[in-house]
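K.L.:
Contents of protein_32.cif (mmCIF, C-alpha atoms and all ligand atoms) are below:
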data_entry
#
loop_
_atom_site.label_atom_id
_atom_site.label_comp_id
_atom_site.auth_asym_id
_atom_site.auth_seq_id
_atom_site.Cartn_x
_atom_site.Cartn_y
_atom_site.Cartn_z
CA MET A 1 100.64 -10.27 150.08
CA PRO A 2 102.98 -11.68 147.43
CA ASN A 3 103.18 -15.39 146.85
CA LYS A 4 106.47 -15.49 148.72
CA HIS A 5 107.87 -16.60 152.04
CA PHE A 6 109.43 -14.00 154.25
CA CYS A 7 113.20 -14.07 154.05
CA GLN A 8 114.54 -16.51 156.64
CA GLY A 9 117.72 -14.51 157.17
CA PRO A 10 118.07 -14.06 160.92
CA PHE A 11 119.14 -10.43 160.58
CA CYS A 12 117.31 -9.45 157.38
CA HIS A 13 115.13 -7.00 159.30
CA THR A 14 118.15 -5.14 160.67
CA LYS A 15 120.02 -4.35 157.46
CA LEU A 16 119.99 -0.64 156.67
CA THR A 17 118.95 -0.59 153.02
CA GLN A 18 116.61 1.83 151.30
CA ASP A 19 114.23 -0.91 150.15
CA ARG A 20 113.76 -2.18 153.71
CA PHE A 21 113.14 1.28 155.16
CA LEU A 22 109.56 2.50 155.65
CA LYS A 23 109.92 6.22 156.28
CA SER A 24 106.35 6.85 157.48
CA LYS A 25 106.82 4.47 160.42
CA GLY A 26 110.57 4.81 160.91
CA ILE A 27 111.08 1.06 160.68
CA ILE A 28 113.30 -1.41 158.88
CA ARG A 29 111.37 -4.41 157.52
CA GLY A 30 112.59 -7.85 156.59
CA ARG A 31 112.34 -8.61 152.88
CA TYR A 32 110.41 -11.28 151.08
CA ALA A 33 112.39 -14.16 149.61
CA LEU A 34 113.76 -13.70 146.11
CA ASN A 35 111.58 -16.29 144.34
CA THR A 36 107.89 -17.14 144.64
CA ILE A 37 106.73 -20.15 146.64
CA ASP A 38 105.61 -21.97 143.50
CA SER A 39 108.76 -21.32 141.46
CA ASP A 40 110.09 -24.69 140.32
CA THR A 41 113.69 -24.05 139.44
CA ASP A 42 116.14 -26.70 140.59
CA TRP A 43 119.24 -24.55 140.44
CA CYS A 44 118.45 -22.22 143.31
CA LYS A 45 115.83 -23.66 145.65
CA ARG A 46 117.15 -21.53 148.50
CA ALA A 47 115.85 -18.42 146.72
CA LYS A 48 112.35 -19.48 147.80
CA TYR A 49 113.43 -18.88 151.38
CA LEU A 50 116.02 -16.13 151.37
CA CYS A 51 116.41 -12.73 149.74
CA SER A 52 120.16 -12.53 149.21
CA THR A 53 123.51 -14.25 149.52
CA ARG A 54 124.15 -12.22 152.65
CA CYS A 55 121.03 -13.63 154.34
CA GLU A 56 122.01 -17.14 153.19
CA MET A 57 125.37 -16.81 154.90
CA ASP A 58 123.75 -15.33 158.02
CA TRP A 59 121.31 -18.24 158.13
CA LEU A 60 124.09 -20.81 157.91
CA ASP A 61 126.20 -19.08 160.55
CA GLU A 62 123.24 -18.76 162.89
CA ASN A 63 121.60 -22.16 162.43
CA MET A 64 124.07 -24.87 161.41
CA LEU A 65 124.85 -25.79 165.01
CA ALA A 66 121.12 -26.31 165.61
CA VAL A 67 120.95 -28.49 162.48
CA GLU A 68 123.90 -30.54 163.70
CA MET A 69 122.26 -30.89 167.13
CA ARG A 70 118.93 -31.89 165.49
CA ILE A 71 117.21 -28.88 167.06
CA PRO A 72 114.39 -27.48 164.88
CA VAL A 73 115.11 -24.08 163.38
CA PRO A 74 112.05 -21.82 163.61
CA PHE A 75 110.45 -20.92 160.26
CA ILE A 76 109.74 -17.21 160.00
CA THR A 77 106.07 -16.70 159.12
CA HIS A 78 105.60 -13.00 159.84
CA ARG A 79 107.30 -9.85 158.71
CA ARG A 80 109.88 -8.81 161.26
CA ILE A 81 110.70 -5.16 161.88
CA SER A 82 113.24 -3.01 163.68
CA GLU A 83 111.93 0.28 165.02
CA GLY A 84 113.43 3.72 165.52
CA TYR A 85 115.12 4.63 162.23
CA GLU A 86 115.22 7.77 160.15
CA LYS A 87 116.75 9.04 156.96
CA GLY A 88 119.96 11.00 157.46
CA LYS A 89 123.13 12.08 155.75
CA ASN A 90 126.35 10.12 155.74
CA ARG A 91 129.74 11.73 156.17
CA TRP A 92 130.00 12.37 152.42
CA GLY A 93 126.63 14.12 152.26
CA GLY A 94 124.75 11.21 150.68
CA SER A 95 121.54 9.90 152.15
CA CYS A 96 121.55 6.96 154.51
CA ILE A 97 119.32 5.31 157.07
CA LYS A 98 120.31 5.61 160.68
CA LYS A 99 119.08 4.83 164.17
CA ILE A 100 117.24 7.84 165.57
CA GLY A 101 119.65 9.65 167.86
CA GLY A 102 122.51 7.46 166.74
CA ALA A 103 125.59 8.07 164.66
CA THR A 104 125.58 7.42 160.93
CA GLU A 105 127.43 4.35 159.72
ZN ZN B 201 116.94 -11.39 153.73
#
Have the structure of the file written as structure tokens, please.
P.N.:
Amino acid sequence: MPNKHFCQGPFCHTKLTQDRFLKSKGIIRGRYALNTIDSDTDWCKRAKYLCSTRCEMDWLDENMLAVEMRIPVPFITHRRISEGYEKGKNRWGGSCIKKIGGATE
């Protein structure tokens, strides 16, 4: 296991990207954070906890009310997955990942 936290993005494990897709199991997996746990840069500390700007925005949207209310936000310590996906073709003939039995996006 890499020396990284799992991405804290609340929906990271639902984004349909090739790098999250594990074809042999038909699952979408949450990513690791961008930077390692022991990285010591001051300019982007959030990269130790999140994989992308999209997940940063999702985290803020999902959790800021809890922060304001002083409610602890759970720290994600395991790799989350979404099941039931397969590789398919989009409407232009390119490859995409889609829910099994569902329409392509
Ligand atoms: Zn993420």
K.L.:
Would you place a box with edges along x, y and z of the file around all atoms of region 20-24 of chain A listed there, add 5 Å to each of its six sides, and report the centre and edge lengths in Å to one decimal, as lines of an AutoDock Vina configuration file?
P.N.:
center_x = 110.1
center_y = 2.3
center_z = 155.6
size_x = 17.4
size_y = 19.0
size_z = 13.8
K.L.:
Could you list, as a PDB file with C-alpha atoms, in the frame of the given file, every residue within 12 Å of Leu60 (chain A), counting all atoms listed in the file and ignoring same-chain residues fewer than 5 positions away?
P.N.:
ATOM      1  CA  GLN A   8     114.540 -16.510 156.640  1.00  0.00           C
ATOM      2  CA  GLY A   9     117.720 -14.510 157.170  1.00  0.00           C
ATOM      3  CA  PRO A  10     118.070 -14.060 160.920  1.00  0.00           C
ATOM      4  CA  PHE A  11     119.140 -10.430 160.580  1.00  0.00           C
ATOM      5  CA  ARG A  46     117.150 -21.530 148.500  1.00  0.00           C
ATOM      6  CA  LEU A  50     116.020 -16.130 151.370  1.00  0.00           C
ATOM      7  CA  THR A  53     123.510 -14.250 149.520  1.00  0.00           C
ATOM      8  CA  ARG A  54     124.150 -12.220 152.650  1.00  0.00           C
ATOM      9  CA  CYS A  55     121.030 -13.630 154.340  1.00  0.00           C
ATOM     10  CA  LEU A  65     124.850 -25.790 165.010  1.00  0.00           C
ATOM     11  CA  ALA A  66     121.120 -26.310 165.610  1.00  0.00           C
ATOM     12  CA  VAL A  67     120.950 -28.490 162.480  1.00  0.00           C
ATOM     13  CA  GLU A  68     123.900 -30.540 163.700  1.00  0.00           C
ATOM     14  CA  VAL A  73     115.110 -24.080 163.380  1.00  0.00           C
TER      15      VAL A  73
END
K.L.:
Using all atoms listed in the file, pick whichever of A:Gly30, A:Pro74, A:Gly94, A:Gly102 has the shortest atom-to-atom distance to His13 (chain A).
P.N.:
A:Gly30
K.L.:
Please identify all polymer residues within 8 Å of Lys4 (chain A), counting only C-alpha atoms, omitting same-chain residues fewer than 6 positions from it, and present them as number ranges by chain.
P.N.:
A: 32-37, 48
K.L.:
Separation of CA of Gly101 (chain A) and CA of Ile81 (chain A), in Å?
P.N.:
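Interatomic distance here is 18.3 Å.
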K.L.:
What is the CA of Cys44 (chain A)-CA of Leu16 (chain A) distance in Å, reported with one decimal?
P.N.:
25.4 Å
K.L.:
Report, in Å with one decimal, the straight-line distance from CA of Arg31 (chain A) to CA of Met69 (chain A).
P.N.:
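A separation of 28.2 Å between them.
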